>>> print(open('upload25.txt').read())   # compact mmCIF, C-alpha atoms
# COMPACT_ATOMS: atom_id res chain seq x y z
CA MET A 30 -14.40 -12.34 20.09
CA THR A 31 -13.43 -9.26 22.07
CA PRO A 32 -9.76 -8.25 22.24
CA HIS A 33 -8.21 -7.75 25.66
CA ARG A 34 -6.34 -4.60 26.61
CA PRO A 35 -3.37 -4.48 24.22
CA ASP A 36 0.18 -4.77 25.54
CA PHE A 37 1.67 -3.60 22.24
CA PRO A 38 1.98 -0.09 20.76
CA MET A 39 -1.28 1.04 19.22
CA PHE A 40 0.36 3.54 16.85
CA VAL A 41 3.75 3.52 15.15
CA SER A 42 5.32 5.84 12.59
CA VAL A 43 5.65 4.90 8.94
CA GLN A 44 9.40 4.44 9.31
CA GLY A 45 8.89 2.41 12.48
CA ALA A 46 6.43 0.13 10.68
CA ARG A 47 8.93 -0.46 7.85
CA GLU A 48 11.72 -1.30 10.27
CA MET A 49 9.60 -3.61 12.42
CA LEU A 50 8.35 -5.56 9.39
CA ALA A 51 11.85 -5.82 7.91
CA ALA A 52 13.18 -7.13 11.23
CA LEU A 53 10.74 -10.09 11.11
CA LEU A 54 11.68 -11.16 7.59
CA PRO A 55 14.34 -13.85 7.12
CA GLU A 56 17.80 -12.95 5.89
CA PRO A 57 17.74 -13.39 2.11
CA GLY A 58 19.56 -16.52 1.00
CA ARG A 59 21.59 -16.76 -2.18
CA GLU A 60 21.19 -18.77 -5.35
CA ASP A 61 22.82 -18.73 -8.78
CA VAL A 62 20.44 -18.37 -11.73
CA PRO A 63 20.96 -18.36 -15.50
CA LEU A 64 21.24 -14.91 -16.99
CA ALA A 65 18.16 -15.53 -19.13
CA GLY A 66 16.02 -15.77 -15.97
CA ALA A 67 17.68 -13.00 -13.97
CA ARG A 68 15.49 -10.00 -14.90
CA GLY A 69 14.05 -8.36 -11.79
CA ARG A 70 16.23 -10.32 -9.38
CA THR A 71 18.50 -8.64 -6.82
CA LEU A 72 22.23 -9.31 -6.83
CA ALA A 73 23.43 -11.11 -3.71
CA ALA A 74 27.11 -10.35 -4.36
CA PRO A 75 29.11 -7.83 -6.39
CA LEU A 76 29.57 -8.64 -10.07
CA CYS A 77 33.08 -8.19 -11.47
CA ALA A 78 34.14 -8.00 -15.10
CA LEU A 79 35.65 -11.22 -16.40
CA VAL A 80 36.89 -9.37 -19.49
CA SER A 81 37.61 -5.82 -20.58
CA HIS A 82 35.17 -3.92 -22.76
CA PRO A 83 36.03 -3.11 -25.43
CA SER A 84 38.38 -6.10 -25.48
CA ALA A 85 40.64 -4.20 -27.89
CA THR A 86 41.06 -0.59 -29.01
CA GLU A 87 38.48 -0.23 -31.77
CA SER A 88 36.73 2.12 -34.14
CA ALA A 89 33.52 3.94 -33.19
CA LEU A 90 32.38 4.25 -36.82
CA ASP A 91 32.91 3.16 -40.42
CA GLY A 92 35.75 4.79 -42.32
CA ILE A 93 39.52 4.42 -42.49
CA ALA A 94 42.14 4.00 -39.77
CA ALA A 95 45.31 6.03 -40.26
CA ARG A 96 48.05 8.01 -38.53
CA GLU A 97 46.63 11.34 -37.44
CA ALA A 98 49.89 13.08 -38.35
CA ASP A 99 49.52 11.96 -41.99
CA THR A 100 46.10 13.60 -42.31
CA LEU A 101 46.65 17.04 -40.78
CA GLY A 102 45.58 19.84 -43.10
CA ALA A 103 43.07 17.72 -45.01
CA ALA A 104 40.17 19.85 -46.33
CA PRO A 105 37.58 19.63 -49.11
CA ALA A 106 39.64 21.99 -51.30
CA SER A 107 42.92 20.22 -50.49
CA PRO A 108 42.26 16.56 -49.62
CA VAL A 109 44.97 14.25 -48.30
CA ARG A 110 45.65 11.09 -50.35
CA LEU A 111 46.41 7.80 -48.56
CA ARG A 112 47.10 4.29 -49.82
CA VAL A 113 44.67 1.56 -48.72
CA VAL A 114 46.60 -1.53 -47.54
CA GLY A 115 43.77 -3.67 -46.14
CA GLU A 116 40.67 -3.70 -43.99
CA SER A 117 39.66 -4.42 -40.40
CA ARG A 118 36.19 -5.59 -39.46
CA ALA A 119 34.60 -6.91 -36.32
CA GLY A 120 35.91 -10.39 -35.66
CA VAL A 121 38.48 -10.20 -38.51
CA PRO A 122 41.17 -7.64 -37.61
CA PHE A 123 43.89 -6.40 -39.98
CA ALA A 124 46.97 -8.50 -39.30
CA GLY A 125 49.62 -6.03 -40.42
CA ALA A 126 50.63 -2.49 -39.40
CA VAL A 127 49.76 0.90 -40.89
CA GLY A 128 52.82 2.76 -42.13
CA SER A 129 53.35 6.39 -43.14
CA GLY A 130 50.95 7.45 -45.91
CA GLU A 131 48.86 4.31 -45.48
CA CYS A 132 45.42 3.51 -44.15
CA VAL A 133 43.11 0.57 -43.57
CA ARG A 134 39.38 0.47 -44.26
CA ILE A 135 37.70 -0.09 -40.90
CA TYR A 136 34.17 -0.76 -39.67
CA THR A 137 32.36 0.02 -36.43
CA GLY A 138 33.62 -2.18 -33.60
CA ALA A 139 36.63 -3.43 -35.52
CA PRO A 140 40.05 -3.45 -33.80
CA LEU A 141 42.34 -0.52 -34.60
CA PRO A 142 45.39 -1.77 -36.56
CA ALA A 143 48.90 -1.38 -35.20
CA GLY A 144 50.42 1.92 -36.25
CA ALA A 145 47.06 3.72 -36.61
CA ASP A 146 45.79 6.16 -33.99
CA ALA A 147 42.84 7.96 -35.63
CA ILE A 148 39.68 7.44 -37.69
CA CYS A 149 38.26 9.39 -40.63
CA PRO A 150 34.54 8.67 -41.23
CA VAL A 151 33.37 7.24 -44.52
CA GLU A 152 31.32 10.40 -45.20
CA GLN A 153 34.59 12.37 -45.52
CA LEU A 154 36.23 9.91 -47.96
CA THR A 155 36.37 9.66 -51.75
CA ASP A 156 37.82 6.66 -53.51
CA ASP A 157 40.77 7.50 -55.80
CA GLY A 158 41.14 4.31 -57.77
CA ASP A 159 41.21 0.88 -56.16
CA GLU A 160 44.09 1.48 -53.76
CA HIS A 161 43.80 5.11 -52.62
CA VAL A 162 41.33 7.38 -50.84
CA LEU A 163 41.06 11.14 -50.50
CA LEU A 164 40.33 12.60 -47.03
CA ALA A 165 38.29 15.82 -46.87
CA ARG A 166 39.14 16.30 -43.19
CA PRO A 167 41.82 15.06 -40.76
CA ALA A 168 41.38 11.70 -39.05
CA SER A 169 40.36 12.06 -35.38
CA PRO A 170 41.61 10.13 -32.32
CA GLY A 171 38.24 10.98 -30.74
CA ASP A 172 36.58 8.30 -32.86
CA VAL A 173 38.74 5.60 -31.30
CA ARG A 174 37.30 3.54 -28.41
CA PRO A 175 40.17 2.62 -26.07
CA GLU A 176 40.52 -0.94 -24.78
CA GLY A 177 38.72 -1.17 -21.42
CA GLY A 178 37.13 2.25 -21.87
CA ASP A 179 33.80 0.89 -20.58
CA PHE A 180 35.18 -1.47 -17.92
CA ARG A 181 38.35 -3.46 -17.30
CA SER A 182 38.80 -7.10 -16.35
CA GLY A 183 38.58 -7.51 -12.57
CA GLU A 184 36.70 -4.25 -12.03
CA THR A 185 33.57 -4.38 -9.82
CA VAL A 186 30.82 -3.06 -12.06
CA LEU A 187 27.55 -4.00 -10.30
CA GLU A 188 27.24 -3.90 -6.51
CA ALA A 189 25.32 -6.32 -4.28
CA GLY A 190 21.73 -5.11 -3.90
CA ALA A 191 21.42 -3.90 -7.49
CA VAL A 192 18.15 -4.91 -9.15
CA LEU A 193 18.79 -6.60 -12.49
CA THR A 194 16.87 -4.39 -14.90
CA PRO A 195 17.09 -5.25 -18.62
CA PRO A 196 20.08 -2.89 -19.15
CA ARG A 197 21.86 -4.51 -16.19
CA VAL A 198 21.14 -7.99 -17.53
CA ALA A 199 22.79 -6.89 -20.78
CA LEU A 200 25.71 -5.47 -18.78
CA ALA A 201 26.11 -8.72 -16.84
CA ALA A 202 26.32 -10.58 -20.15
CA ALA A 203 28.97 -8.15 -21.41
CA LEU A 204 30.91 -8.74 -18.19
CA GLY A 205 31.11 -12.40 -19.20
CA HIS A 206 28.66 -14.00 -16.74
CA ALA A 207 26.37 -16.84 -17.85
CA ARG A 208 24.95 -17.18 -14.31
CA VAL A 209 24.60 -14.54 -11.60
CA PRO A 210 24.28 -14.73 -7.78
CA VAL A 211 20.92 -13.37 -6.65
CA ARG A 212 18.92 -13.20 -3.45
CA ARG A 213 16.44 -15.98 -2.96
CA ARG A 214 12.91 -14.83 -3.66
CA LEU A 215 10.82 -14.24 -0.55
CA ARG A 216 7.76 -16.49 -0.45
CA VAL A 217 4.75 -14.31 0.41
CA ALA A 218 1.40 -15.92 1.14
CA LEU A 219 -1.45 -13.63 0.07
CA LEU A 220 -4.98 -13.72 1.53
CA SER A 221 -7.94 -11.39 1.06
CA THR A 222 -10.82 -11.36 3.52
CA GLY A 223 -14.38 -10.10 3.86
CA ASP A 224 -17.93 -11.37 3.38
CA GLU A 225 -18.55 -8.61 0.84
CA VAL A 226 -15.63 -9.56 -1.40
CA ILE A 227 -16.31 -11.71 -4.48
CA GLU A 228 -14.36 -12.86 -7.50
CA PRO A 229 -14.31 -10.52 -10.55
CA GLY A 230 -16.63 -11.74 -13.27
CA GLU A 231 -19.32 -13.07 -10.92
CA PRO A 232 -22.68 -11.27 -10.64
CA LEU A 233 -22.40 -8.42 -8.14
CA SER A 234 -25.13 -8.07 -5.51
CA PRO A 235 -25.84 -4.84 -3.59
CA GLY A 236 -23.17 -4.24 -0.97
CA GLN A 237 -20.64 -6.56 -2.59
CA VAL A 238 -17.32 -5.56 -4.14
CA TYR A 239 -14.94 -7.26 -6.52
CA ASP A 240 -11.66 -8.47 -5.05
CA SER A 241 -9.37 -5.77 -6.43
CA ASN A 242 -6.94 -5.99 -3.48
CA ARG A 243 -5.90 -9.56 -4.15
CA TYR A 244 -5.08 -8.90 -7.80
CA GLY A 245 -3.41 -5.53 -7.20
CA LEU A 246 -1.29 -6.89 -4.36
CA HIS A 247 -0.36 -10.00 -6.32
CA ALA A 248 0.93 -7.78 -9.14
CA MET A 249 2.87 -5.58 -6.70
CA LEU A 250 4.46 -8.63 -5.06
CA GLU A 251 5.58 -9.87 -8.45
CA GLU A 252 7.05 -6.42 -9.14
CA CYS A 253 9.04 -6.84 -5.91
CA GLY A 254 10.46 -10.11 -7.18
CA CYS A 255 8.57 -12.22 -4.63
CA GLU A 256 7.21 -15.72 -5.07
CA VAL A 257 3.48 -15.43 -4.37
CA VAL A 258 1.65 -18.22 -2.51
CA PRO A 259 -2.03 -17.48 -3.34
CA LEU A 260 -4.43 -18.37 -0.51
CA GLY A 261 -7.47 -16.93 -2.25
CA HIS A 262 -10.25 -15.37 -0.18
CA ALA A 263 -11.66 -16.07 3.27
CA PRO A 264 -15.01 -14.88 4.66
CA ASP A 265 -15.36 -13.01 7.94
CA SER A 266 -15.18 -15.87 10.41
CA PRO A 267 -12.41 -16.82 12.85
CA GLU A 268 -12.59 -20.47 11.75
CA ALA A 269 -12.21 -19.62 8.05
CA LEU A 270 -9.36 -17.23 8.72
CA GLN A 271 -7.53 -19.72 10.92
CA GLY A 272 -7.93 -22.41 8.27
CA SER A 273 -6.49 -20.11 5.62
CA ILE A 274 -3.53 -19.15 7.80
CA THR A 275 -2.61 -22.81 8.30
CA ARG A 276 -2.26 -23.14 4.51
CA ALA A 277 0.52 -20.52 4.51
CA GLY A 278 3.07 -23.04 5.79
CA GLY A 279 6.48 -22.62 4.16
CA ALA A 280 5.94 -18.93 3.41
CA ASP A 281 8.30 -16.28 4.75
CA VAL A 282 5.47 -13.86 5.52
CA LEU A 283 1.66 -13.76 5.27
CA LEU A 284 0.09 -10.66 3.73
CA THR A 285 -3.63 -10.13 4.31
CA SER A 286 -6.09 -7.44 3.30
CA GLY A 287 -9.13 -6.53 5.39
CA GLY A 288 -10.21 -7.47 8.87
CA VAL A 289 -7.78 -5.27 10.81
CA SER A 290 -9.77 -2.13 11.54
CA MET A 291 -12.10 -1.21 14.44
CA GLY A 292 -15.22 -3.06 13.33
CA ARG A 293 -17.08 -5.87 15.05
CA TYR A 294 -16.25 -8.25 12.22
CA ASP A 295 -12.54 -7.43 11.92
CA PHE A 296 -11.62 -10.93 12.98
CA MET A 297 -8.07 -10.99 11.65
CA ARG A 298 -7.11 -8.37 14.23
CA ASP A 299 -8.88 -10.23 17.04
CA LEU A 300 -7.45 -13.61 16.02
CA LEU A 301 -3.88 -12.36 16.22
CA ILE A 302 -4.46 -10.49 19.48
CA GLU A 303 -6.06 -13.51 21.18
CA HIS A 304 -4.11 -16.45 19.73
CA GLY A 305 -1.10 -15.04 17.92
CA ARG A 306 1.20 -12.13 18.47
CA VAL A 307 0.83 -8.43 17.64
CA ALA A 308 3.79 -6.08 17.21
CA PHE A 309 1.71 -3.01 16.43
CA TRP A 310 -1.79 -2.06 15.35
CA LYS A 311 -2.23 1.20 13.44
CA VAL A 312 0.26 3.42 11.63
CA ARG A 313 0.31 7.21 11.87
CA MET A 314 -0.46 7.71 8.20
CA ARG A 315 -3.35 8.51 5.87
CA PRO A 316 -4.62 6.72 3.92
CA GLY A 317 -3.90 3.36 5.51
CA GLY A 318 -3.89 3.92 9.25
CA PRO A 319 -5.43 0.56 10.27
CA ALA A 320 -2.47 -1.70 9.42
CA LEU A 321 -1.28 -4.48 11.69
CA LEU A 322 1.94 -6.42 12.16
CA GLY A 323 1.95 -9.66 14.11
CA GLY A 324 2.75 -13.34 13.97
CA TRP A 325 1.13 -16.76 13.98
CA ASN A 326 3.17 -19.76 15.12
CA GLY A 327 6.38 -18.08 14.02
CA LEU A 328 4.97 -16.83 10.71
CA PRO A 329 5.14 -13.02 10.34
CA VAL A 330 1.74 -11.57 9.42
CA PHE A 331 1.19 -8.10 7.99
CA GLY A 332 -2.45 -7.04 7.81
CA LEU A 333 -3.33 -4.40 5.25
CA PRO A 334 -6.53 -2.34 5.38
CA GLY A 335 -9.48 -3.51 3.34
CA ASN A 336 -10.02 -0.22 1.50
CA PRO A 337 -8.27 -0.66 -1.86
CA VAL A 338 -6.46 2.70 -1.92
CA SER A 339 -5.29 2.29 1.67
CA SER A 340 -4.13 -1.25 0.98
CA LEU A 341 -2.04 -0.35 -2.07
CA VAL A 342 -0.58 2.82 -0.55
CA VAL A 343 0.49 1.01 2.64
CA PHE A 344 2.06 -1.70 0.52
CA HIS A 345 3.98 0.85 -1.51
CA VAL A 346 5.39 2.90 1.36
CA ILE A 347 5.83 0.20 4.04
CA VAL A 348 5.73 -3.35 2.67
CA ARG A 349 7.64 -2.88 -0.59
CA PRO A 350 10.76 -1.34 0.98
CA ALA A 351 10.76 -4.02 3.70
CA LEU A 352 10.53 -6.84 1.15
CA THR A 353 13.08 -5.45 -1.29
CA GLY A 354 15.52 -3.74 1.04
CA GLN A 355 15.26 -0.68 -1.23
CA PRO A 356 14.21 2.68 0.24
CA VAL A 357 11.13 4.50 -1.02
CA GLN A 358 12.28 6.67 -3.93
CA THR A 359 11.17 10.29 -3.73
CA LEU A 360 11.51 13.34 -5.95
CA ARG A 361 11.60 16.92 -4.78
CA LEU A 362 9.03 18.92 -6.76
CA ARG A 363 7.17 22.18 -6.36
CA ALA A 364 3.58 22.19 -5.19
CA GLY A 365 1.21 23.78 -7.69
CA THR A 366 -1.65 23.72 -5.15
CA PRO A 367 -1.88 23.63 -1.35
CA PHE A 368 -1.89 20.20 0.34
CA ARG A 369 -3.75 19.59 3.58
CA THR A 370 -1.80 18.85 6.76
CA LEU A 371 -2.90 16.47 9.52
CA PRO A 372 -2.13 17.05 13.22
CA ASP A 373 -1.01 13.51 14.07
CA LYS A 374 -0.40 11.62 10.83
CA THR A 375 1.87 11.70 7.80
CA ALA A 376 -0.35 12.20 4.75
CA PHE A 377 0.26 10.62 1.36
CA TRP A 378 -2.03 12.65 -0.87
CA ARG A 379 -2.65 11.50 -4.42
CA ALA A 380 -1.46 14.10 -6.90
CA THR A 381 -0.96 14.74 -10.58
CA ILE A 382 2.28 16.05 -12.08
CA GLN A 383 1.87 18.86 -14.59
CA GLY A 384 4.68 20.97 -15.94
CA GLY A 385 7.09 19.84 -13.26
CA GLN A 386 4.65 20.71 -10.43
CA VAL A 387 2.36 18.53 -8.33
CA HIS A 388 -1.33 19.28 -7.99
CA ASP A 389 -3.81 17.99 -5.44
CA TYR A 390 -6.20 15.32 -6.76
CA PRO A 391 -9.78 16.34 -5.91
CA LYS A 392 -10.99 12.90 -4.74
CA GLN A 393 -8.88 11.60 -1.83
CA GLY A 394 -11.33 8.99 -0.48
CA SER A 395 -9.89 5.56 0.35
CA GLY A 396 -12.45 3.90 -1.90
CA VAL A 397 -11.59 5.95 -5.01
CA LEU A 398 -9.40 3.28 -6.60
CA ARG A 399 -9.19 4.98 -9.99
CA SER A 400 -7.33 7.84 -8.30
CA LEU A 401 -4.14 5.75 -8.14
CA SER A 402 -4.41 5.08 -11.87
CA ASP A 403 -5.23 8.71 -12.71
CA THR A 404 -2.41 10.22 -10.64
CA GLY A 405 0.61 7.95 -10.23
CA ALA A 406 2.16 10.13 -7.49
CA LEU A 407 1.86 10.66 -3.74
CA VAL A 408 2.79 13.94 -2.09
CA VAL A 409 4.27 13.33 1.36
CA VAL A 410 3.04 15.84 3.96
CA PRO A 411 4.57 15.23 7.43
CA GLU A 412 2.26 15.76 10.40
CA ARG A 413 1.73 19.39 11.37
CA VAL A 414 3.59 20.66 8.28
CA ARG A 415 1.78 23.23 6.13
CA VAL A 416 2.23 22.99 2.36
CA GLU A 417 1.24 25.99 0.28
CA ALA A 418 1.43 26.46 -3.48
CA GLY A 419 5.05 27.18 -4.37
CA ASP A 420 6.55 25.08 -1.56
CA ASP A 421 8.89 22.18 -2.37
CA VAL A 422 7.56 18.77 -1.38
CA ASP A 423 8.66 15.12 -1.44
CA VAL A 424 6.85 13.08 -4.07
CA VAL A 425 6.62 9.29 -4.23
CA LEU A 426 6.12 7.91 -7.74
CA LEU A 427 3.78 4.91 -7.91
>>> encode(input="upload25.txt", output="C-alpha cells")
Amino acid sequence: MTPHRPDFPMFVSVQGAREMLAALLPEPGREDVPLAGARGRTLAAPLCALVSHPSATESALDGIAAREADTLGAAPASPVRLRVVGESRAGVPFAGAVGSGECVRIYTGAPLPAGADAICPVEQLTDDGDEHVLLARPASPGDVRPEGGDFRSGETVLEAGAVLTPPRVALAAALGHARVPVRRRLRVALLSTGDEVIEPGEPLSPGQVYDSNRYGLHAMLEECGCEVVPLGHAPDSPEALQGSITRAGGADVLLTSGGVSMGRYDFMRDLLIEHGRVAFWKVRMRPGGPALLGGWNGLPVFGLPGNPVSSLVVFHVIVRPALTGQPVQTLRLRAGTPFRTLPDKTAFWRATIQGGQVHDYPKQGSGVLRSLSDTGALVVVPERVRVEAGDDVDVVLL
C-alpha cells in the first residue's frame, strides 16, 4: 500500500496538534455522581456552599471561653481568677451566657458561648477548686474561628473545570454536597501495533519487544479520568488493523501506538491516508515527531509513535491536555547544564532536577524508556533557541 501525495499538512506545531485534536473531541457531557466516586473527576459546573463553615463561631483549641476584658493583665506571677459556669463541646454547646468574671470550659470546634469573645488555652490554666480557674495569660480573640471564616452559604467555592483531588472531595463534602456534577468520562479506545510487540511475561525472541506502550498509555489515560476501551494488539497488516478499528465503535477517540512513521510496514498511516482521513502527519517536536491525527468513519484517530519514550512524551504534551482541557503545567527553573537546540523542532529533553536546577540527562534516545522513570522532567527548548547553563527554562513535570 503506497500513500498518494498528501493533501494535508505534513508538519504542525505542538500547539497546533493539541488544538486540532481537541477540536475533534466531543463536547463533554454532564453527569451527577456520588461523592464517594468523584475522585479524579472534573467538575462540570461551579460548586456552591450549601452551608457556612464553620457553621457557628467556635474555638480553635481546648481551654476556656471568657470576656477578653476580664482577663487583661493576667500573668504567671499575677493570675486572673474566673468562675467556671459550664462547658461547651462540639455538638453540645453551652446554652447560657458568660457574664463578667465568668468563663466556660470549651473544646476545639465547640461553639463560642454568648457573652464570650476570647479563648485562653488549657496550657495556661490552673484549677482553683471545682468552680474556678486561674489564667496565667490573657484570653485571646485570635483563637476564635468566626462563623463562615472558611466559606459562607451561597458562596462559589469550586469552579467548573476543577479536578476533584482528595482535598477537593473533602471540601465538596464540607460544602454539603452528597453528589457532584462532573464531566462525562471520555471513552478512549487503545490499540498497540507491530509484529515485534508481544505480551509481557511471554518468552522474548531476538528482535521482539514487550508491549510497554499499551500499559503505559492505559495508565496515563486512567490518570486523565478517561474510560479505556482496550483493543489489545494488532500485527502489521492492513486487514488486522482495520478489524481492530471496527471494534472501537462507541469510543470518542481511538489512540494507537506504532505504524505511523516512514517505514514500509507503517500500515496505520497508509490505511488512514487511503481509506480514512488525515488532519496532519508529523509534529515539529523531538522526541515524537511521527505522530498522526486523522479519522475513520467519523471516529477521531490519534496515532502515537511506536518508540516508547516518543509515545509517552507525545501523550503528555499533546494528548493529555486535549483530553482533559487542562494546559500543560510548566515551572520556570534555571539550567544547570546546556541543552541542545534544534533548527526546526521544539525539543523536550529529559532532565533531572537537583538543587532547584535542571540538568541534561545523558541518554536522550527514544528507546531509553528508563530515562522517563529516572528523570521525571522535560526541559522545553523552542526551535532555534540556545540554552546555556544559568539560563531560565520552562520545565514540564511528568
>>> closest_residue(input="upload25.txt", among="A:Phe296, A:Arg369, A:Ser400, A:Glu87", to="Gly178 in chain A", atoms="all atoms listed in the file")
A:Glu87
>>> residues_around(input="upload25.txt", residues="Ala320 in chain A", least_positions_apart="4", cutoff="8 Å", atoms="all atoms listed in the file", output="ChimeraX atom specification")
/A:289-290,310-312,331-334,343
>>> closest_residue(input="upload25.txt", among="A:Val238, A:Ala94, A:Ala139, A:Ala65", to="Ala201 in chain A", atoms="only C-alpha atoms")
A:Ala65
>>> closest_residue(input="upload25.txt", among="A:Val151, A:Val330, A:Leu371, A:Leu200", to="Ala89 in chain A", atoms="all atoms listed in the file")
A:Val151
>>> closest_atom_pairs(input="upload25.txt", of="range 156-268 of chain A", to="range 102-122 of chain A", cutoff="8 Å", atoms="only C-alpha atoms", output="Markdown table")
| residue | atom | partner | partner_atom | distance |
| --- | --- | --- | --- | --- |
| A:Glu160 | CA | A:Val113 | CA | 5.1 |
| A:His161 | CA | A:Arg112 | CA | 4.4 |
| A:Val162 | CA | A:Leu111 | CA | 5.6 |
| A:Leu163 | CA | A:Arg110 | CA | 4.6 |
| A:Leu164 | CA | A:Val109 | CA | 5.1 |
| A:Ala165 | CA | A:Pro105 | CA | 4.5 |
| A:Arg166 | CA | A:Ala103 | CA | 4.6 |
| A:Pro167 | CA | A:Ala103 | CA | 5.2 |
>>> closest_residue(input="upload25.txt", among="A:Pro350, A:Pro372, A:Gly190, A:Gly384", to="Pro75 in chain A", atoms="all atoms listed in the file")
A:Gly190
>>> atom_distance(input="upload25.txt", atom1="CA of Asn326 in chain A", atom2="CA of Leu270 in chain A")
14.3 Å
>>> atom_distance(input="upload25.txt", atom1="CA of Ile227 in chain A", atom2="CA of Leu260 in chain A")
14.2 Å
>>> closest_residue(input="upload25.txt", among="A:Gly405, A:Pro210, A:Gly317, A:Gly58", to="Asp281 in chain A", atoms="all atoms listed in the file")
A:Gly58
>>> closest_residue(input="upload25.txt", among="A:Val424, A:Leu398, A:Ala168, A:Leu53", to="Asp99 in chain A", atoms="only C-alpha atoms")
A:Ala168
>>> atom_distance(input="upload25.txt", atom1="CA of Ser81 in chain A", atom2="CA of Ala203 in chain A")
9.0 Å
>>> residues_around(input="upload25.txt", residues="Arg212 in chain A", least_positions_apart="5", cutoff="9 Å", atoms="only C-alpha atoms", output="list in words")
Pro57, Gly58, Arg59, Glu60, Asp61, Arg70, Thr71, Leu72, Ala73, Ala74 and Gly190 of chain A
>>> residues_around(input="upload25.txt", residues="Gly323 in chain A", least_positions_apart="5", cutoff="10 Å", atoms="all atoms listed in the file", output="PyMOL selection string")
chain A and resi 49-50+53+283+298+301-302+305-310+328-332
>>> residues_around(input="upload25.txt", residues="range 406-409 of chain A", least_positions_apart="5", cutoff="9 Å", atoms="all atoms listed in the file", output="list of chain:residue names")
A:Val342, A:Ala364, A:Phe368, A:Thr375, A:Ala376, A:Phe377, A:Trp378, A:Arg379, A:Ala380, A:Thr381, A:Ile382, A:Val387, A:His388, A:Asp389, A:Leu401, A:Val422, A:Asp423, A:Val424, A:Val425, A:Leu426, A:Leu427
>>> residues_around(input="upload25.txt", residues="Ala78 in chain A", least_positions_apart="6", cutoff="10 Å", atoms="only C-alpha atoms", output="MDAnalysis selection string")
chainID A and resid 180:187 200:206
>>> build_atoms(input="upload25.txt", residues="range 73-78 of chain A", atoms="all heavy atoms", output="PDB file, keeping the file's coordinate frame")
ATOM      1  N   ALA A  73      23.049 -10.758  -5.069  1.00  0.00           N
ATOM      2  CA  ALA A  73      23.430 -11.110  -3.710  1.00  0.00           C
ATOM      3  C   ALA A  73      24.910 -10.877  -3.453  1.00  0.00           C
ATOM      4  O   ALA A  73      25.362 -10.957  -2.313  1.00  0.00           O
ATOM      5  CB  ALA A  73      23.096 -12.581  -3.445  1.00  0.00           C
ATOM      6  N   ALA A  74      25.662 -10.582  -4.483  1.00  0.00           N
ATOM      7  CA  ALA A  74      27.110 -10.350  -4.360  1.00  0.00           C
ATOM      8  C   ALA A  74      27.524  -9.413  -5.478  1.00  0.00           C
ATOM      9  O   ALA A  74      26.841  -9.312  -6.507  1.00  0.00           O
ATOM     10  CB  ALA A  74      27.873 -11.671  -4.448  1.00  0.00           C
ATOM     11  N   PRO A  75      28.638  -8.700  -5.308  1.00  0.00           N
ATOM     12  CA  PRO A  75      29.110  -7.830  -6.390  1.00  0.00           C
ATOM     13  C   PRO A  75      29.427  -8.640  -7.643  1.00  0.00           C
ATOM     14  O   PRO A  75      29.780  -9.812  -7.573  1.00  0.00           O
ATOM     15  CB  PRO A  75      30.387  -7.200  -5.810  1.00  0.00           C
ATOM     16  CG  PRO A  75      30.285  -7.385  -4.336  1.00  0.00           C
ATOM     17  CD  PRO A  75      29.517  -8.644  -4.128  1.00  0.00           C
ATOM     18  N   LEU A  76      29.287  -7.995  -8.782  1.00  0.00           N
ATOM     19  CA  LEU A  76      29.570  -8.640 -10.070  1.00  0.00           C
ATOM     20  C   LEU A  76      30.771  -7.948 -10.700  1.00  0.00           C
ATOM     21  O   LEU A  76      30.748  -6.738 -10.948  1.00  0.00           O
ATOM     22  CB  LEU A  76      28.346  -8.521 -10.984  1.00  0.00           C
ATOM     23  CG  LEU A  76      28.007  -9.728 -11.865  1.00  0.00           C
ATOM     24  CD1 LEU A  76      27.851 -10.981 -11.016  1.00  0.00           C
ATOM     25  CD2 LEU A  76      26.750  -9.465 -12.660  1.00  0.00           C
ATOM     26  N   CYS A  77      31.834  -8.729 -10.903  1.00  0.00           N
ATOM     27  CA  CYS A  77      33.080  -8.190 -11.470  1.00  0.00           C
ATOM     28  C   CYS A  77      33.176  -8.551 -12.946  1.00  0.00           C
ATOM     29  O   CYS A  77      32.612  -9.543 -13.402  1.00  0.00           O
ATOM     30  CB  CYS A  77      34.284  -8.732 -10.727  1.00  0.00           C
ATOM     31  SG  CYS A  77      34.353  -8.253  -8.999  1.00  0.00           S
ATOM     32  N   ALA A  78      33.922  -7.748 -13.673  1.00  0.00           N
ATOM     33  CA  ALA A  78      34.140  -8.000 -15.100  1.00  0.00           C
ATOM     34  C   ALA A  78      35.124  -9.141 -15.265  1.00  0.00           C
ATOM     35  O   ALA A  78      36.199  -9.149 -14.667  1.00  0.00           O
ATOM     36  CB  ALA A  78      34.666  -6.741 -15.770  1.00  0.00           C
TER      37      ALA A  78
END
